[in-house]
Structure formats: C-alpha cells, structure tokens
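Reproduced below: my_file-v2.cif, with mmCIF, C-alpha atoms and all ligand atoms.
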data_query
loop_
_atom_site.group_PDB
_atom_site.id
_atom_site.type_symbol
_atom_site.label_atom_id
_atom_site.label_comp_id
_atom_site.auth_asym_id
_atom_site.auth_seq_id
_atom_site.Cartn_x
_atom_site.Cartn_y
_atom_site.Cartn_z
ATOM 1 C CA MET A 250 -23.620 5.893 -0.045
ATOM 2 C CA SER A 251 -23.223 8.596 2.580
ATOM 3 C CA ASP A 252 -20.688 11.425 2.672
ATOM 4 C CA THR A 253 -17.339 11.469 4.444
ATOM 5 C CA ALA A 254 -17.470 10.311 8.042
ATOM 6 C CA SER A 255 -16.467 12.700 10.773
ATOM 7 C CA THR A 256 -12.807 12.444 11.808
ATOM 8 C CA SER A 257 -13.591 10.428 14.916
ATOM 9 C CA THR A 258 -15.344 7.685 13.003
ATOM 10 C CA ARG A 259 -13.229 7.389 9.878
ATOM 11 C CA THR A 260 -12.202 3.868 8.881
ATOM 12 C CA ALA A 261 -9.386 2.355 6.843
ATOM 13 C CA LEU A 262 -8.517 -0.919 5.153
ATOM 14 C CA ILE A 263 -4.849 -1.672 4.540
ATOM 15 C CA PHE A 264 -4.266 -4.335 1.890
ATOM 16 C CA GLY A 265 -1.066 -6.017 3.069
ATOM 17 C CA GLY A 266 -0.930 -4.590 6.591
ATOM 18 C CA SER A 267 0.852 -7.360 8.460
ATOM 19 C CA ARG A 268 4.493 -6.401 7.916
ATOM 20 C CA GLY A 269 6.821 -3.623 6.819
ATOM 21 C CA ILE A 270 5.383 -0.458 5.317
ATOM 22 C CA GLY A 271 1.756 -1.670 5.493
ATOM 23 C CA ALA A 272 2.055 -2.508 9.194
ATOM 24 C CA ALA A 273 3.543 0.936 9.892
ATOM 25 C CA ILE A 274 0.686 2.589 7.983
ATOM 26 C CA ALA A 275 -1.909 0.526 9.895
ATOM 27 C CA ARG A 276 -0.366 1.596 13.205
ATOM 28 C CA ARG A 277 -0.100 5.239 12.136
ATOM 29 C CA LEU A 278 -3.678 5.512 10.875
ATOM 30 C CA ALA A 279 -4.874 3.895 14.115
ATOM 31 C CA GLU A 280 -2.867 6.514 16.048
ATOM 32 C CA ASP A 281 -4.614 9.123 13.912
ATOM 33 C CA GLY A 282 -7.919 7.808 15.264
ATOM 34 C CA LEU A 283 -9.108 5.644 12.387
ATOM 35 C CA GLN A 284 -10.569 2.184 12.860
ATOM 36 C CA VAL A 285 -8.367 -0.160 10.870
ATOM 37 C CA GLY A 286 -8.831 -3.426 8.992
ATOM 38 C CA LEU A 287 -5.743 -5.056 7.553
ATOM 39 C CA THR A 288 -5.178 -7.974 5.217
ATOM 40 C CA TYR A 289 -2.400 -10.538 5.080
ATOM 41 C CA VAL A 290 -1.733 -13.664 3.038
ATOM 42 C CA SER A 291 1.017 -15.737 4.676
ATOM 43 C CA ARG A 292 1.767 -14.358 8.137
ATOM 44 C CA PRO A 293 -1.256 -14.459 10.465
ATOM 45 C CA ASP A 294 1.176 -14.184 13.397
ATOM 46 C CA LYS A 295 2.461 -10.829 12.149
ATOM 47 C CA ALA A 296 -1.061 -9.608 11.387
ATOM 48 C CA ASP A 297 -2.119 -10.543 14.931
ATOM 49 C CA ASP A 298 0.909 -8.666 16.320
ATOM 50 C CA VAL A 299 -0.138 -5.497 14.481
ATOM 51 C CA VAL A 300 -3.728 -5.803 15.705
ATOM 52 C CA ALA A 301 -2.550 -6.431 19.277
ATOM 53 C CA SER A 302 -0.210 -3.430 19.246
ATOM 54 C CA ILE A 303 -2.962 -1.158 17.935
ATOM 55 C CA GLU A 304 -5.398 -2.423 20.566
ATOM 56 C CA ALA A 305 -2.760 -2.036 23.295
ATOM 57 C CA SER A 306 -2.529 1.630 22.325
ATOM 58 C CA GLY A 307 -6.299 2.047 22.619
ATOM 59 C CA GLY A 308 -7.094 1.707 18.919
ATOM 60 C CA THR A 309 -9.432 -0.578 16.994
ATOM 61 C CA ALA A 310 -8.189 -3.077 14.417
ATOM 62 C CA PHE A 311 -8.851 -6.501 12.970
ATOM 63 C CA ALA A 312 -7.077 -8.756 10.480
ATOM 64 C CA ILE A 313 -8.449 -10.585 7.453
ATOM 65 C CA ARG A 314 -6.725 -13.265 5.383
ATOM 66 C CA ALA A 315 -7.151 -12.087 1.792
ATOM 67 C CA ASP A 316 -4.803 -12.885 -1.088
ATOM 68 C CA SER A 317 -4.581 -9.738 -3.191
ATOM 69 C CA ALA A 318 -4.500 -11.921 -6.313
ATOM 70 C CA ASP A 319 -7.987 -13.274 -5.483
ATOM 71 C CA PRO A 320 -10.903 -11.008 -6.468
ATOM 72 C CA VAL A 321 -13.374 -12.802 -4.206
ATOM 73 C CA ALA A 322 -11.094 -12.425 -1.192
ATOM 74 C CA ILE A 323 -10.524 -8.742 -1.943
ATOM 75 C CA ARG A 324 -14.247 -7.989 -2.196
ATOM 76 C CA ASP A 325 -14.877 -9.987 0.962
ATOM 77 C CA ALA A 326 -12.221 -8.021 2.879
ATOM 78 C CA VAL A 327 -13.881 -4.767 1.864
ATOM 79 C CA GLN A 328 -17.308 -6.100 2.842
ATOM 80 C CA GLN A 329 -16.045 -7.332 6.219
ATOM 81 C CA THR A 330 -14.595 -3.880 6.923
ATOM 82 C CA VAL A 331 -17.830 -2.115 5.996
ATOM 83 C CA ASP A 332 -19.893 -4.593 8.045
ATOM 84 C CA ARG A 333 -17.655 -4.184 11.076
ATOM 85 C CA PHE A 334 -17.112 -0.412 11.046
ATOM 86 C CA GLY A 335 -20.191 0.809 9.186
ATOM 87 C CA GLY A 336 -18.340 2.287 6.211
ATOM 88 C CA LEU A 337 -15.004 2.774 4.500
ATOM 89 C CA ASP A 338 -13.102 6.056 4.168
ATOM 90 C CA VAL A 339 -9.493 5.118 3.411
ATOM 91 C CA ALA A 340 -8.020 2.232 1.404
ATOM 92 C CA VAL A 341 -4.252 1.717 1.316
ATOM 93 C CA VAL A 342 -3.202 -0.681 -1.429
ATOM 94 C CA ASN A 343 0.190 -1.763 -0.137
ATOM 95 C CA ALA A 344 0.438 -5.532 -0.767
ATOM 96 C CA GLY A 345 3.247 -6.207 -3.180
ATOM 97 C CA VAL A 346 5.943 -8.684 -4.097
ATOM 98 C CA LEU A 347 9.510 -8.187 -5.283
ATOM 99 C CA ARG A 348 10.919 -10.817 -7.604
ATOM 100 C CA HIS A 349 14.152 -9.832 -9.221
ATOM 101 C CA GLY A 350 16.494 -11.337 -11.748
ATOM 102 C CA PRO A 351 18.061 -10.627 -15.119
ATOM 103 C CA ILE A 352 15.616 -10.307 -17.979
ATOM 104 C CA GLU A 353 17.231 -13.220 -19.876
ATOM 105 C CA THR A 354 16.387 -15.715 -17.151
ATOM 106 C CA PHE A 355 13.413 -14.131 -15.342
ATOM 107 C CA SER A 356 10.815 -16.896 -14.989
ATOM 108 C CA LEU A 357 7.266 -16.701 -16.309
ATOM 109 C CA GLY A 358 6.061 -17.787 -12.893
ATOM 110 C CA ASP A 359 7.667 -14.765 -11.255
ATOM 111 C CA LEU A 360 6.345 -12.515 -14.040
ATOM 112 C CA ASP A 361 2.803 -13.826 -13.516
ATOM 113 C CA LEU A 362 3.011 -13.444 -9.726
ATOM 114 C CA THR A 363 4.233 -9.864 -10.069
ATOM 115 C CA LEU A 364 1.455 -8.983 -12.492
ATOM 116 C CA ALA A 365 -1.164 -10.746 -10.330
ATOM 117 C CA VAL A 366 -0.303 -9.007 -7.061
ATOM 118 C CA ASN A 367 1.374 -5.720 -8.037
ATOM 119 C CA ILE A 368 -0.940 -4.741 -10.923
ATOM 120 C CA ARG A 369 -4.094 -6.902 -11.027
ATOM 121 C CA GLY A 370 -4.275 -6.889 -7.228
ATOM 122 C CA VAL A 371 -4.046 -3.102 -7.163
ATOM 123 C CA PHE A 372 -6.820 -2.843 -9.755
ATOM 124 C CA LEU A 373 -9.013 -5.264 -7.777
ATOM 125 C CA ALA A 374 -8.457 -3.422 -4.511
ATOM 126 C CA ILE A 375 -9.132 0.024 -5.986
ATOM 127 C CA GLN A 376 -12.278 -1.246 -7.705
ATOM 128 C CA ALA A 377 -13.654 -3.022 -4.629
ATOM 129 C CA ALA A 378 -12.773 -0.186 -2.251
ATOM 130 C CA ALA A 379 -14.165 2.534 -4.499
ATOM 131 C CA GLY A 380 -17.462 0.685 -4.811
ATOM 132 C CA ALA A 381 -17.925 0.594 -1.057
ATOM 133 C CA MET A 382 -16.239 3.830 -0.022
ATOM 134 C CA ARG A 383 -18.039 6.876 1.312
ATOM 135 C CA ASP A 384 -17.822 9.991 -0.854
ATOM 136 C CA GLY A 385 -14.815 12.115 0.094
ATOM 137 C CA GLY A 386 -12.695 9.023 0.747
ATOM 138 C CA ARG A 387 -9.014 8.394 0.123
ATOM 139 C CA ILE A 388 -7.342 5.675 -1.937
ATOM 140 C CA ILE A 389 -3.567 5.375 -1.588
ATOM 141 C CA THR A 390 -1.405 2.963 -3.554
ATOM 142 C CA ILE A 391 2.159 2.080 -2.619
ATOM 143 C CA GLY A 392 4.219 2.184 -5.791
ATOM 144 C CA SER A 393 7.988 2.568 -5.917
ATOM 145 C CA ASN A 394 10.613 5.041 -7.017
ATOM 146 C CA THR A 395 11.664 2.345 -9.494
ATOM 147 C CA ALA A 396 8.645 3.426 -11.559
ATOM 148 C CA ILE A 397 10.694 6.495 -12.441
ATOM 149 C CA ARG A 398 14.108 4.903 -12.679
ATOM 150 C CA THR A 399 15.058 1.242 -12.352
ATOM 151 C CA GLY A 400 17.355 1.504 -9.383
ATOM 152 C CA PHE A 401 18.930 -1.906 -9.652
ATOM 153 C CA ALA A 402 19.815 -4.505 -12.258
ATOM 154 C CA GLY A 403 17.298 -7.332 -12.182
ATOM 155 C CA GLY A 404 14.496 -4.923 -11.312
ATOM 156 C CA SER A 405 12.880 -4.577 -14.728
ATOM 157 C CA VAL A 406 9.671 -6.520 -14.029
ATOM 158 C CA TYR A 407 9.164 -4.987 -10.591
ATOM 159 C CA ALA A 408 9.745 -1.478 -12.002
ATOM 160 C CA MET A 409 7.279 -2.180 -14.822
ATOM 161 C CA SER A 410 4.637 -3.188 -12.290
ATOM 162 C CA LYS A 411 5.121 -0.028 -10.256
ATOM 163 C CA ALA A 412 5.052 2.188 -13.365
ATOM 164 C CA ALA A 413 1.696 0.582 -14.169
ATOM 165 C CA VAL A 414 0.406 1.547 -10.723
ATOM 166 C CA ALA A 415 1.452 5.185 -11.207
ATOM 167 C CA ALA A 416 -0.386 5.265 -14.527
ATOM 168 C CA MET A 417 -3.490 3.514 -13.136
ATOM 169 C CA VAL A 418 -3.762 6.056 -10.347
ATOM 170 C CA LYS A 419 -3.947 8.995 -12.764
ATOM 171 C CA GLY A 420 -7.037 7.623 -14.512
ATOM 172 C CA ALA A 421 -8.674 6.310 -11.356
ATOM 173 C CA ALA A 422 -8.318 9.776 -9.816
ATOM 174 C CA LEU A 423 -10.321 11.255 -12.692
ATOM 175 C CA ASP A 424 -12.947 8.501 -12.492
ATOM 176 C CA LEU A 425 -13.522 9.073 -8.775
ATOM 177 C CA ALA A 426 -13.141 12.868 -8.660
ATOM 178 C CA PRO A 427 -16.906 13.469 -9.020
ATOM 179 C CA ARG A 428 -17.362 11.706 -5.672
ATOM 180 C CA GLY A 429 -14.569 13.658 -3.996
ATOM 181 C CA ILE A 430 -12.528 10.470 -3.586
ATOM 182 C CA THR A 431 -8.811 11.153 -4.034
ATOM 183 C CA VAL A 432 -6.445 8.551 -5.482
ATOM 184 C CA ASN A 433 -2.728 9.031 -4.904
ATOM 185 C CA ASN A 434 0.393 6.897 -5.191
ATOM 186 C CA ILE A 435 3.273 6.945 -2.693
ATOM 187 C CA GLN A 436 6.584 5.870 -4.244
ATOM 188 C CA PRO A 437 9.073 4.824 -1.560
ATOM 189 C CA GLY A 438 12.726 4.289 -2.220
ATOM 190 C CA PRO A 439 14.782 1.701 -0.326
ATOM 191 C CA THR A 440 13.030 1.156 2.994
ATOM 192 C CA GLU A 441 14.058 -1.219 5.753
ATOM 193 C CA THR A 442 11.633 -4.152 5.656
ATOM 194 C CA ASP A 443 11.666 -7.925 5.121
ATOM 195 C CA MET A 444 11.335 -7.311 1.368
ATOM 196 C CA THR A 445 14.672 -5.541 1.135
ATOM 197 C CA ALA A 446 16.632 -7.363 3.851
ATOM 198 C CA ASP A 447 19.013 -8.932 1.293
ATOM 199 C CA LEU A 448 19.319 -5.872 -0.960
ATOM 200 C CA ILE A 449 19.730 -2.841 1.251
ATOM 201 C CA GLY A 450 23.491 -3.157 1.796
ATOM 202 C CA GLY A 451 24.306 -2.579 -1.856
ATOM 203 C CA ILE A 452 21.873 0.305 -2.270
ATOM 204 C CA ILE A 453 22.790 2.710 0.523
ATOM 205 C CA ASP A 454 25.721 4.225 -1.393
ATOM 206 C CA LEU A 455 23.333 5.165 -4.210
ATOM 207 C CA VAL A 456 21.048 7.141 -1.884
ATOM 208 C CA PRO A 457 22.140 10.785 -1.548
ATOM 209 C CA LEU A 458 21.054 10.848 2.113
ATOM 210 C CA LYS A 459 23.232 7.733 2.671
ATOM 211 C CA ARG A 460 20.625 5.783 4.551
ATOM 212 C CA VAL A 461 17.524 3.735 3.918
ATOM 213 C CA GLY A 462 14.057 4.878 4.872
ATOM 214 C CA GLN A 463 12.080 3.592 7.815
ATOM 215 C CA PRO A 464 8.523 2.305 7.375
ATOM 216 C CA GLN A 465 7.343 4.959 9.847
ATOM 217 C CA GLU A 466 8.567 7.680 7.486
ATOM 218 C CA ILE A 467 6.445 6.281 4.657
ATOM 219 C CA ALA A 468 3.536 5.956 7.087
ATOM 220 C CA ALA A 469 3.817 9.642 8.030
ATOM 221 C CA LEU A 470 3.298 10.606 4.377
ATOM 222 C CA ALA A 471 0.391 8.166 4.116
ATOM 223 C CA SER A 472 -1.113 9.782 7.202
ATOM 224 C CA TYR A 473 -1.127 13.160 5.467
ATOM 225 C CA VAL A 474 -2.536 11.807 2.196
ATOM 226 C CA ALA A 475 -5.240 9.894 4.101
ATOM 227 C CA GLY A 476 -6.213 12.969 6.078
ATOM 228 C CA LEU A 477 -9.075 15.334 5.420
ATOM 229 C CA GLU A 478 -6.631 18.206 4.803
ATOM 230 C CA ALA A 479 -5.226 16.477 1.696
ATOM 231 C CA GLY A 480 -8.476 16.797 -0.236
ATOM 232 C CA TYR A 481 -7.025 18.956 -3.047
ATOM 233 C CA MET A 482 -4.378 16.407 -4.080
ATOM 234 C CA THR A 483 -5.362 13.623 -6.454
ATOM 235 C CA GLY A 484 -3.723 11.617 -9.228
ATOM 236 C CA ALA A 485 -0.308 12.370 -7.754
ATOM 237 C CA SER A 486 2.695 10.118 -7.385
ATOM 238 C CA LEU A 487 4.737 11.222 -4.370
ATOM 239 C CA THR A 488 8.315 9.978 -4.249
ATOM 240 C CA ILE A 489 9.981 9.545 -0.843
ATOM 241 C CA ASP A 490 13.402 8.023 -1.413
ATOM 242 C CA GLY A 491 16.227 9.981 0.203
ATOM 243 C CA GLY A 492 16.902 11.810 -3.059
ATOM 244 C CA PHE A 493 17.583 8.578 -4.978
ATOM 245 C CA VAL A 494 15.500 9.839 -7.908
ATOM 246 C CA LEU A 495 16.709 13.356 -8.544
HETATM 247 N N1 LIG A 501 10.752 -1.892 1.185
HETATM 248 C C1 LIG A 501 11.077 -1.126 0.172
HETATM 249 O O1 LIG A 501 12.248 -0.716 0.003
HETATM 250 C C2 LIG A 501 10.028 -0.692 -0.807
HETATM 251 C C3 LIG A 501 10.371 0.325 -1.721
HETATM 252 C C4 LIG A 501 9.421 0.743 -2.641
HETATM 253 C C5 LIG A 501 8.167 0.189 -2.636
HETATM 254 N N2 LIG A 501 7.857 -0.804 -1.749
HETATM 255 C C6 LIG A 501 6.508 -1.358 -1.811
HETATM 256 O O2 LIG A 501 5.894 -1.204 -0.559
HETATM 257 C C7 LIG A 501 4.947 -2.262 -0.363
HETATM 258 C C8 LIG A 501 5.256 -2.963 0.946
HETATM 259 O O3 LIG A 501 6.583 -3.447 0.892
HETATM 260 P P1 LIG A 501 7.379 -3.960 2.194
HETATM 261 O O4 LIG A 501 8.799 -3.649 1.942
HETATM 262 O O5 LIG A 501 6.716 -3.483 3.419
HETATM 263 O O6 LIG A 501 7.175 -5.526 2.002
HETATM 264 P P2 LIG A 501 7.142 -6.753 3.040
HETATM 265 O O7 LIG A 501 7.888 -6.397 4.272
HETATM 266 O O8 LIG A 501 7.565 -7.927 2.238
HETATM 267 O O9 LIG A 501 5.579 -6.872 3.388
HETATM 268 C C9 LIG A 501 4.683 -7.185 2.369
HETATM 269 C C10 LIG A 501 3.274 -7.068 2.884
HETATM 270 O O10 LIG A 501 2.388 -7.341 1.788
HETATM 271 C C11 LIG A 501 1.608 -8.484 2.099
HETATM 272 N N3 LIG A 501 1.371 -9.266 0.889
HETATM 273 C C12 LIG A 501 2.274 -9.715 -0.013
HETATM 274 N N4 LIG A 501 1.667 -10.417 -0.981
HETATM 275 C C13 LIG A 501 0.344 -10.412 -0.675
HETATM 276 C C14 LIG A 501 -0.814 -10.959 -1.271
HETATM 277 N N5 LIG A 501 -0.740 -11.710 -2.395
HETATM 278 N N6 LIG A 501 -2.014 -10.750 -0.681
HETATM 279 C C15 LIG A 501 -2.108 -10.028 0.461
HETATM 280 N N7 LIG A 501 -1.055 -9.480 1.084
HETATM 281 C C16 LIG A 501 0.154 -9.671 0.524
HETATM 282 C C17 LIG A 501 2.401 -9.260 3.128
HETATM 283 O O11 LIG A 501 1.537 -10.123 3.859
HETATM 284 P P3 LIG A 501 2.114 -11.420 4.692
HETATM 285 O O12 LIG A 501 2.811 -10.837 5.901
HETATM 286 O O13 LIG A 501 0.905 -12.201 5.057
HETATM 287 O O14 LIG A 501 3.055 -12.147 3.783
HETATM 288 C C18 LIG A 501 2.976 -8.111 3.960
HETATM 289 O O15 LIG A 501 2.036 -7.580 4.851
HETATM 290 C C19 LIG A 501 5.060 -3.170 -1.581
HETATM 291 O O16 LIG A 501 4.068 -2.833 -2.520
HETATM 292 C C20 LIG A 501 6.436 -2.834 -2.120
HETATM 293 O O17 LIG A 501 6.538 -3.114 -3.488
HETATM 294 C C21 LIG A 501 8.762 -1.260 -0.832
#
Let me see whether you can do it: turn the structure in this file into structure tokens.
Ligand SMILES: NC(=O)c1ccc[n+]([C@@H]2O[C@H](COP(=O)([O-])OP(=O)(O)OC[C@H]3O[C@@H](n4cnc5c(N)ncnc54)[C@H](OP(=O)(O)O)[C@@H]3O)[C@@H](O)[C@H]2O)c1
Amino acid sequence: MSDTASTSTRTALIFGGSRGIGAAIARRLAEDGLQVGLTYVSRPDKADDVVASIEASGGTAFAIRADSADPVAIRDAVQQTVDRFGGLDVAVVNAGVLRHGPIETFSLGDLDLTLAVNIRGVFLAIQAAAGAMRDGGRIITIGSNTAIRTGFAGGSVYAMSKAAVAAMVKGAALDLAPRGITVNNIQPGPTETDMTADLIGGIIDLVPLKRVGQPQEIAALASYVAGLEAGYMTGASLTIDGGFVL
C-alpha cells in the first residue's frame, strides 16, 4: 500500500452518494479535485444525475449499485474504485435509513433494517475501505445530532444507531492511526433532503437558528475533514445542527 496520493490524484468513494447529503458531498469532493465513486441502492436515475453533473463540471465520477447491508457488494464497490482510479484516499460512509415510530409499536423489521444499514453497513464500509486505502487517507461517517440527544419522539432506534456510529469511530480512529488514516464522524441536524421531507416542518421551531441545514453546508464540512489540512483531527464527532444540540 502506497502513501497518500498527491492532491491532484486523490480519490473518494461515497457510500450512498445518489441523493441528499451524500450527493452534495460527492459533488463537493469532485469540485475539490478528487475522482469520485458513489454507491446507490434504489435510485440509479439519481446516481446517474450526480455523475452527469460532476462530469459536466469537468470532474470524474462513476456510480456503483451496492447495498450497504451486503458485505460482498461493499467490498466490490471498494475494489471497483481502486481498479478504476488506482487507489483510494477518502471514504464517506453516508448511506443511512430513518425509520421512526413509538418504541411500543416499532417493528422488528424496521429495527433490523436500521441495524443492517446504519450500524453493520458502517462497519462493513469502514473495514473494506480501510483495507484498500492508501496510508494518510480519510474515513468520514455521517452520524446524526440525535446521537447526543433524541430530537424527536419516535426516534429512539435511529438515535441508537447513530450513537453506535459515534462510538465505533473512536475505536476505529485508534486502530488506523498508525497508518495516518483519520476517522471522523459528522453529525448533522435537520437537513433538507428526501429523508426529512415529512418531518422538517415540525422541527424548525426547535432549531435555534430557525432554519434547516442544506446538504451543501454538510458537504463543506466534509470537504474540510477530507482534506489534507485536517490530518490532526481523528476520532472526532462534529455536530452541525443550527445549535439544536447546545
Ligand atoms: N437529512 C437529515 O436531516 C439528516 C440529519 C442527520 C443525519 N442524516 C444522515 O445523513 C445520511 C444521508 O441522509 P439524507 O438525508 O441525505 O438521506 P436521503 O436523502 O434519504 O438519501 C439517502 C442516501 O443513502 C442511500 N442509501 C440508503 N440506503 C442504502 C443502502 N442500503 N445501500 C446503499 N445506499 C443506501 C440512498 O441511495 P438511493 O438513492 O439509491 O436510495 C441515498 O443516496 C444518513 O446517514 C442520515 O441518517 C441526515
């Protein structure tokens, strides 16, 4: 495994890069000059749109169908990225699901899906990416401010999954520190995407800044964490939520 690539040849793989926050991060890292692979599971049309917009701006991107709950698909997505770009420098583990409902009636199916994608999928992606990544690389997970405080009734299982991610990142950062690979967790608050389309209205009043975040704002933080200048930060959970968690 070679050392960090030079800035002009750095590469990234975004797990869940077809919509919302992941799509904004894919576009932003491409603007930053990285070659970008992105995965999707259900919306090839949206993945193709992201790739086309990156290419229209002069960047390089490709899309891979890879269910984050499937270890074979995750490893294959990493391998395809390495084969195509010659290495991997940045992995953004963004794919996630939000199932909400009161604890008394929350279904086992929704519990299992949340665990499979939001926790097991994060583990699989970190493990596969770390194994293929050049030394000095960056791993970024997308957690949630609900890891610190459950911001809404019915959010217990989702919050649990995101708290697990924050905890996983701390240990993974120590495991990968000898290789200079940083592992950090971005914790957005309410952000305007498909995931929150039905929820945002009732949340705005709870946000001190009285607005929701935009995916591009989360992507700007990811850009910094993915950059070479962020090499002294690892194991951190960075909350970006309009002051929701004070
Ligand atoms: N929006 C918020 O307010 C907010 C706040 C805090 C944290 N987050 C977290 O931020 C991340 C992105 O959320 P978002 O709001 O951008 O969600 P979104 O608009 O629903 O987009 C979800 C993305 O994840 C992908 N995805 C979902 N399940 C997948 C799976 N099993 N395998 C591969 N890809 C999968 C989707 O792919 P397809 O397009 O193919 O379905 C899509 O690209 C999630 O981890 C979420 O928990 C969001």
Checklist entry - Taking all atoms listed in the file into account, which of A:Ile263, A:Ile389, A:Ala315, A:Val414 comes nearest ligand LIG 501 (chain A)? => result A:Ala315
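Counting all atoms listed in the file, the residue from A:Pro320, A:Gly420, A:Gly386, A:Gly271 that sits nearest to ligand LIG 501 (chain A) is A:Gly271.
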Extending 5 Å beyond the listed atoms of region 297-309 of chain A on each side, what axis-aligned box results? I want centre and edge lengths in Å to one decimal, as AutoDock Vina command-line options.
--center_x -4.3 --center_y -4.2 --center_z 18.9 --size_x 20.3 --size_y 22.6 --size_z 18.8
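CA of Pro464 (chain A) is found 23.7 Å from CA of Leu337 (chain A).
Shell of His349 (chain A) at 8 Å, with all atoms listed in the file counted and residues fewer than 3 places along the chain excluded, is Phe355, Gly403, Gly404, Ser405, Val406 and Tyr407 of chain A.
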Next on the checklist: With only C-alpha atoms as the counted atoms, please give the residues lying no more than 6 Å from region 279-291 of chain A, apart from itself and same-chain residues fewer than 2 positions off, as a VMD selection string.
Outcome noted: chain A and resid 259 to 267 276 to 277 308 to 316
Item to check | Selection result for the PyMOL selection byres (((chain A and resi 359) around 10) and not hetatm) on this file, as a PyMOL selection string | outcome: chain A and resi 346-350+355-358+360-365+406-407
Given the file shown, enumerate the residues that the PyMOL selection byres (((chain A and resi 366-376) around 6) and not hetatm) captures and present them as a PDB file with C-alpha atoms, in the frame of the given file.
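Written file, selection12.pdb:
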ATOM      1  CA  SER A 317      -4.581  -9.738  -3.191  1.00  0.00           C
ATOM      2  CA  ALA A 318      -4.500 -11.921  -6.313  1.00  0.00           C
ATOM      3  CA  GLY A 345       3.247  -6.207  -3.180  1.00  0.00           C
ATOM      4  CA  THR A 363       4.233  -9.864 -10.069  1.00  0.00           C
ATOM      5  CA  LEU A 364       1.455  -8.983 -12.492  1.00  0.00           C
ATOM      6  CA  ALA A 365      -1.164 -10.746 -10.330  1.00  0.00           C
ATOM      7  CA  ALA A 377     -13.654  -3.022  -4.629  1.00  0.00           C
ATOM      8  CA  ALA A 378     -12.773  -0.186  -2.251  1.00  0.00           C
ATOM      9  CA  ALA A 379     -14.165   2.534  -4.499  1.00  0.00           C
ATOM     10  CA  SER A 410       4.637  -3.188 -12.290  1.00  0.00           C
TER      11      SER A 410
END
Next on the checklist: List as number ranges by chain the protein and nucleic acid residues near Thr445 (chain A), meaning an atom at most 10 Å away when only C-alpha atoms are counted, but skip any in the same chain fewer than 6 places from it.
Outcome noted: A: 269, 347, 439, 452
Selection above as a file: C-alpha atoms, as a short mmCIF file (atom, residue, chain, number, x, y, z; two decimals), keeping the file's coordinate frame:
data_model
loop_
_atom_site.label_atom_id
_atom_site.label_comp_id
_atom_site.auth_asym_id
_atom_site.auth_seq_id
_atom_site.Cartn_x
_atom_site.Cartn_y
_atom_site.Cartn_z
CA GLY A 269 6.82 -3.62 6.82
CA LEU A 347 9.51 -8.19 -5.28
CA PRO A 439 14.78 1.70 -0.33
CA ILE A 452 21.87 0.30 -2.27
#
Checklist entry - Do you know which residues are at most 10 Å from Gly438 (chain A) counting all atoms listed in the file, after dropping those on the same chain fewer than 2 positions away, and could you put them as a VMD selection string? => result chain A and resid 392 to 395 400 435 to 436 440 to 441 452 456 461 to 462 467 488 to 494
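When only C-alpha atoms are used to compute distances to Ala479 (chain A), the closest of the residues A:Arg428, A:Thr442, A:Arg387, A:Ala402 turns out to be A:Arg387.
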Item to check | Hits of the PyMOL selection byres (((chain A and resi 418) around 9) and not hetatm) in this structure, as a PyMOL selection string | outcome: chain A and resi 389-390+413-417+419-423+432-434+483-486
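Atom pair atom N7 of ligand LIG 501 (chain A) / CA of Ala344 (chain A) has a distance of 4.6 Å (rounded to one decimal).
For the pair CA of Asn343 (chain A) and CA of Leu458 (chain A), the separation is 24.5 Å.
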Next on the checklist: Just checking: using only C-alpha atoms, which residue out of A:Thr330, A:Ser472, A:Ser306, A:Gln463 ends up closest to Met382 (chain A)?
Outcome noted: A:Thr330
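Across A:Gly385, A:Gly307, A:Gly480, A:Gly450, the tightest approach to ligand LIG 501 (chain A) is made by A:Gly450 when counting only C-alpha atoms and all ligand atoms.
The residue that comes closest to ligand LIG 501 (chain A), out of A:Met444, A:Val474, A:Ile274, A:Ala408 and on the basis of only C-alpha atoms and all ligand atoms, is A:Met444.
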Take region 278-292 of chain A, bring it up to N, CA and C atoms, and give me the output as a short mmCIF file (atom, residue, chain, number, x, y, z; two decimals), in the frame of the given file.
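To be explicit, this is the file written out as selection30.cif:
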data_model
loop_
_atom_site.label_atom_id
_atom_site.label_comp_id
_atom_site.auth_asym_id
_atom_site.auth_seq_id
_atom_site.Cartn_x
_atom_site.Cartn_y
_atom_site.Cartn_z
N LEU A 278 -2.29 5.07 11.07
CA LEU A 278 -3.68 5.51 10.88
C LEU A 278 -4.51 5.23 12.13
N ALA A 279 -4.19 4.15 12.84
CA ALA A 279 -4.87 3.90 14.12
C ALA A 279 -4.54 4.99 15.14
N GLU A 280 -3.26 5.40 15.16
CA GLU A 280 -2.87 6.51 16.05
C GLU A 280 -3.62 7.78 15.68
N ASP A 281 -3.88 7.94 14.38
CA ASP A 281 -4.61 9.12 13.91
C ASP A 281 -6.10 9.05 14.27
N GLY A 282 -6.54 7.93 14.81
CA GLY A 282 -7.92 7.81 15.26
C GLY A 282 -8.82 7.02 14.35
N LEU A 283 -8.27 6.43 13.29
CA LEU A 283 -9.11 5.64 12.39
C LEU A 283 -9.26 4.22 12.92
N GLN A 284 -10.39 3.61 12.63
CA GLN A 284 -10.57 2.18 12.86
C GLN A 284 -9.96 1.47 11.66
N VAL A 285 -9.21 0.41 11.93
CA VAL A 285 -8.37 -0.16 10.87
C VAL A 285 -8.62 -1.65 10.66
N GLY A 286 -8.88 -2.02 9.41
CA GLY A 286 -8.83 -3.43 8.99
C GLY A 286 -7.54 -3.63 8.21
N LEU A 287 -6.96 -4.80 8.31
CA LEU A 287 -5.74 -5.06 7.55
C LEU A 287 -5.75 -6.48 7.02
N THR A 288 -5.24 -6.64 5.79
CA THR A 288 -5.18 -7.97 5.22
C THR A 288 -3.76 -8.52 5.28
N TYR A 289 -3.68 -9.83 5.16
CA TYR A 289 -2.40 -10.54 5.08
C TYR A 289 -2.64 -11.76 4.21
N VAL A 290 -1.55 -12.43 3.81
CA VAL A 290 -1.73 -13.66 3.04
C VAL A 290 -1.00 -14.84 3.65
N SER A 291 0.19 -14.60 4.23
CA SER A 291 1.02 -15.74 4.68
C SER A 291 1.41 -15.67 6.14
N ARG A 292 1.24 -14.51 6.78
CA ARG A 292 1.77 -14.36 8.14
C ARG A 292 0.68 -13.90 9.12
#
